[in-house]
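Here the structure comes first, spelled out in structure tokens, and everything after it is commentary.
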Amino acid sequence: MAVTKIQVKSFPAPAQLATMTDLTSQEAKAVTEAVNPLIADVFALYVKTKNFHWHLSGSHFRDYHLLFDEQAEAIFEAIDIMAERVRRIGGTTIRSIGHIAQLQTIEDDNNDFVPAGVMVRQLMEDNAHMAKMIRDAIAVCDKNRDSATSNVLQEILDETERRKWFLFEVMQGVNNTD
Ligand SMILES: [Fe+2]
């Protein structure tokens, strides 16, 4: 199947979408460009967590199935919060699955079968990666006077670290072929 390469631009927004802000356009651009890749990664992580929720097998089925669903729900909630922060400062945000693919840094998993222990480890690593990305984006927000986006990201970082902690503890003693 031919894949069409797309390049979506998020800044500057068309006049009708250029919400007024006291941030300079450089500041708004910097925040937009720091937050949109996070949203793409949150989408990618949401799908991956659901993928593992659906394609799980083994003796921990019930525990992991429920844990992954609980985590997917929290991940999903972060999407709208971040996207609307970008809109509040006059940037534009995620447009499509193709746009997500353009920006995501978390890798998809299209394997036929993934052992449960590997799922847990992968999600733990992805959440750890996500935490680092969010922390870096918070630094960009702080540098560009956008404390409201910074505050929102701090909460999302806390939730991401909670997921990482749960997965890390679940991983203790788990055999990767489990
Ligand atoms: Fe389900």
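For the structure tokens, the naming scheme is as follows: chains receive sequential letters (A, B, ...) according to their order of presentation, residues are indexed from 1 within each chain, and ligands are indexed from 1 in presentation order.
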Open item on the list: If we count only C-alpha atoms and set the cut-off at 12 Å, which residues sit around segment 6-21 of chain A, ignoring sequence neighbours fewer than 5 positions away in its own chain? Please answer as a ChimeraX atom specification.
Closed with: /A:26-37,83-103,145-146
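Those protein and nucleic acid residues that have any atom within 7 Å of ligand 1 are, using only C-alpha atoms and all ligand atoms, His53, Trp54 and Asp69 of chain A.
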Deliver the residues from the most recent selection as a file, using C-alpha atoms, as a short mmCIF file (atom, residue, chain, number, x, y, z; two decimals), in the first residue's frame.
data_model
loop_
_atom_site.label_atom_id
_atom_site.label_comp_id
_atom_site.auth_asym_id
_atom_site.auth_seq_id
_atom_site.Cartn_x
_atom_site.Cartn_y
_atom_site.Cartn_z
CA HIS A 53 -5.39 -4.98 26.54
CA TRP A 54 -7.03 -6.75 23.58
CA ASP A 69 -7.63 -0.64 30.44
#
Open item on the list: So that I can check the secondary structure, give me every residue of segment 10-92 of chain A assigned helix (DSSP H, G or I) by backbone DSSP, as a ChimeraX atom specification.
Closed with: /A:15-17,25-54,61-88
Which neighbours of Gln71 of chain A fall inside 12 Å, counting only C-alpha atoms, when residues of the same chain fewer than 5 positions from it are skipped, and could you give them as a PDB file with N, CA and C atoms, in the first residue's frame?
ATOM      1  N   VAL A  42       0.954  10.483  23.048  1.00  0.00           N
ATOM      2  CA  VAL A  42      -0.117  10.006  23.927  1.00  0.00           C
ATOM      3  C   VAL A  42      -1.130   9.186  23.113  1.00  0.00           C
ATOM      4  N   LEU A  45       0.559   5.864  22.471  1.00  0.00           N
ATOM      5  CA  LEU A  45       0.593   5.053  23.694  1.00  0.00           C
ATOM      6  C   LEU A  45      -0.801   4.536  24.052  1.00  0.00           C
ATOM      7  N   TYR A  46      -1.808   5.345  23.772  1.00  0.00           N
ATOM      8  CA  TYR A  46      -3.194   4.903  24.018  1.00  0.00           C
ATOM      9  C   TYR A  46      -3.509   3.666  23.173  1.00  0.00           C
ATOM     10  N   VAL A  47      -3.207   3.762  21.885  1.00  0.00           N
ATOM     11  CA  VAL A  47      -3.511   2.630  20.984  1.00  0.00           C
ATOM     12  C   VAL A  47      -2.696   1.403  21.393  1.00  0.00           C
ATOM     13  N   LYS A  48      -1.429   1.618  21.753  1.00  0.00           N
ATOM     14  CA  LYS A  48      -0.585   0.483  22.126  1.00  0.00           C
ATOM     15  C   LYS A  48      -1.103  -0.182  23.409  1.00  0.00           C
ATOM     16  N   THR A  49      -1.527   0.632  24.363  1.00  0.00           N
ATOM     17  CA  THR A  49      -2.042   0.080  25.620  1.00  0.00           C
ATOM     18  C   THR A  49      -3.331  -0.699  25.372  1.00  0.00           C
ATOM     19  N   LYS A  50      -4.178  -0.187  24.498  1.00  0.00           N
ATOM     20  CA  LYS A  50      -5.414  -0.901  24.131  1.00  0.00           C
ATOM     21  C   LYS A  50      -5.086  -2.168  23.336  1.00  0.00           C
ATOM     22  N   PHE A  52      -2.517  -4.006  23.674  1.00  0.00           N
ATOM     23  CA  PHE A  52      -2.082  -5.023  24.630  1.00  0.00           C
ATOM     24  C   PHE A  52      -3.262  -5.500  25.497  1.00  0.00           C
ATOM     25  N   HIS A  53      -4.175  -4.613  25.795  1.00  0.00           N
ATOM     26  CA  HIS A  53      -5.393  -4.984  26.544  1.00  0.00           C
ATOM     27  C   HIS A  53      -6.195  -6.026  25.744  1.00  0.00           C
ATOM     28  N   TYR A  64      -3.696  -7.948  34.233  1.00  0.00           N
ATOM     29  CA  TYR A  64      -3.091  -7.070  33.235  1.00  0.00           C
ATOM     30  C   TYR A  64      -4.168  -6.452  32.329  1.00  0.00           C
ATOM     31  N   HIS A  65      -5.144  -7.260  31.978  1.00  0.00           N
ATOM     32  CA  HIS A  65      -6.237  -6.783  31.125  1.00  0.00           C
ATOM     33  C   HIS A  65      -6.903  -5.563  31.784  1.00  0.00           C
ATOM     34  N   LEU A  66      -7.162  -5.650  33.057  1.00  0.00           N
ATOM     35  CA  LEU A  66      -7.810  -4.552  33.780  1.00  0.00           C
ATOM     36  C   LEU A  66      -6.851  -3.377  33.972  1.00  0.00           C
ATOM     37  N   PHE A  76      -5.985   8.487  27.615  1.00  0.00           N
ATOM     38  CA  PHE A  76      -6.924   9.118  26.676  1.00  0.00           C
ATOM     39  C   PHE A  76      -7.352  10.503  27.172  1.00  0.00           C
ATOM     40  N   GLU A  77      -7.583  10.606  28.449  1.00  0.00           N
ATOM     41  CA  GLU A  77      -8.045  11.883  29.014  1.00  0.00           C
ATOM     42  C   GLU A  77      -7.034  13.003  28.830  1.00  0.00           C
ATOM     43  N   ALA A  78      -5.765  12.661  28.787  1.00  0.00           N
ATOM     44  CA  ALA A  78      -4.717  13.692  28.659  1.00  0.00           C
ATOM     45  C   ALA A  78      -4.741  14.356  27.279  1.00  0.00           C
ATOM     46  N   VAL A 120       4.310  -5.635  29.460  1.00  0.00           N
ATOM     47  CA  VAL A 120       4.488  -4.810  30.660  1.00  0.00           C
ATOM     48  C   VAL A 120       5.783  -4.010  30.557  1.00  0.00           C
ATOM     49  N   LEU A 123       5.462  -1.179  27.887  1.00  0.00           N
ATOM     50  CA  LEU A 123       4.635  -0.056  28.349  1.00  0.00           C
ATOM     51  C   LEU A 123       5.365   0.737  29.424  1.00  0.00           C
ATOM     52  N   MET A 124       6.122   0.034  30.266  1.00  0.00           N
ATOM     53  CA  MET A 124       6.901   0.726  31.301  1.00  0.00           C
ATOM     54  C   MET A 124       7.928   1.632  30.626  1.00  0.00           C
ATOM     55  N   ASN A 127       6.174   4.624  28.926  1.00  0.00           N
ATOM     56  CA  ASN A 127       5.752   5.638  29.900  1.00  0.00           C
ATOM     57  C   ASN A 127       6.953   6.397  30.453  1.00  0.00           C
ATOM     58  N   GLU A 159       0.773  11.625  36.484  1.00  0.00           N
ATOM     59  CA  GLU A 159      -0.007  10.429  36.122  1.00  0.00           C
ATOM     60  C   GLU A 159       0.841   9.439  35.316  1.00  0.00           C
ATOM     61  N   THR A 160       1.693   9.976  34.458  1.00  0.00           N
ATOM     62  CA  THR A 160       2.574   9.121  33.645  1.00  0.00           C
ATOM     63  C   THR A 160       3.543   8.365  34.548  1.00  0.00           C
ATOM     64  N   GLU A 161       4.061   9.071  35.551  1.00  0.00           N
ATOM     65  CA  GLU A 161       4.985   8.417  36.486  1.00  0.00           C
ATOM     66  C   GLU A 161       4.260   7.396  37.366  1.00  0.00           C
ATOM     67  N   ARG A 162       2.997   7.635  37.633  1.00  0.00           N
ATOM     68  CA  ARG A 162       2.202   6.654  38.381  1.00  0.00           C
ATOM     69  C   ARG A 162       2.077   5.363  37.565  1.00  0.00           C
ATOM     70  N   ARG A 163       1.782   5.511  36.277  1.00  0.00           N
ATOM     71  CA  ARG A 163       1.678   4.319  35.411  1.00  0.00           C
ATOM     72  C   ARG A 163       3.006   3.589  35.353  1.00  0.00           C
ATOM     73  N   LYS A 164       4.082   4.353  35.204  1.00  0.00           N
ATOM     74  CA  LYS A 164       5.429   3.773  35.133  1.00  0.00           C
ATOM     75  C   LYS A 164       5.727   2.986  36.421  1.00  0.00           C
ATOM     76  N   TRP A 165       5.383   3.548  37.532  1.00  0.00           N
ATOM     77  CA  TRP A 165       5.604   2.903  38.838  1.00  0.00           C
ATOM     78  C   TRP A 165       4.837   1.584  38.916  1.00  0.00           C
ATOM     79  N   PHE A 166       3.558   1.614  38.577  1.00  0.00           N
ATOM     80  CA  PHE A 166       2.745   0.395  38.607  1.00  0.00           C
ATOM     81  C   PHE A 166       3.365  -0.685  37.718  1.00  0.00           C
ATOM     82  N   LEU A 167       3.719  -0.301  36.502  1.00  0.00           N
ATOM     83  CA  LEU A 167       4.262  -1.273  35.546  1.00  0.00           C
ATOM     84  C   LEU A 167       5.609  -1.799  36.019  1.00  0.00           C
TER      85      LEU A 167
END
Task: Contacts of Phe113 of chain A within 12 Å, only C-alpha atoms, excl. fewer than 5 positions in-chain, as an MDAnalysis selection string - done: chainID A and resid 51:52 54:58 118:119 177
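Atom pair atom CA of Ile39 of chain A / atom CA of Glu155 of chain A: separated by 14.5 Å.
Rounded to one decimal, atom CA of Ile106 of chain A and atom CA of Ser147 of chain A lie 26.1 Å from each other.
Of the residues under consideration (A:Ile134, A:Gln122, A:Phe43, A:Val170), A:Phe43 shows the shortest atom-to-atom contact distance to Ala74 of chain A when counting only C-alpha atoms.
Each of A:Ala116, A:Ile156, A:Met171, A:Met82 was checked against Ser59 of chain A using only C-alpha atoms; the smallest atom-to-atom distance is that of A:Ala116.
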TODO: Find the spatial neighbours of Asn151 of chain A, counting only C-alpha atoms, within a cut-off of 10 Å - ignore same-chain residues fewer than 6 positions away - and output them as number ranges by chain.
DONE: A: 138, 141-142, 157
TODO: To one decimal in Å, tell me the separation between atom CA of Leu38 of chain A and atom CA of Asp80 of chain A.
DONE: 11.7 Å
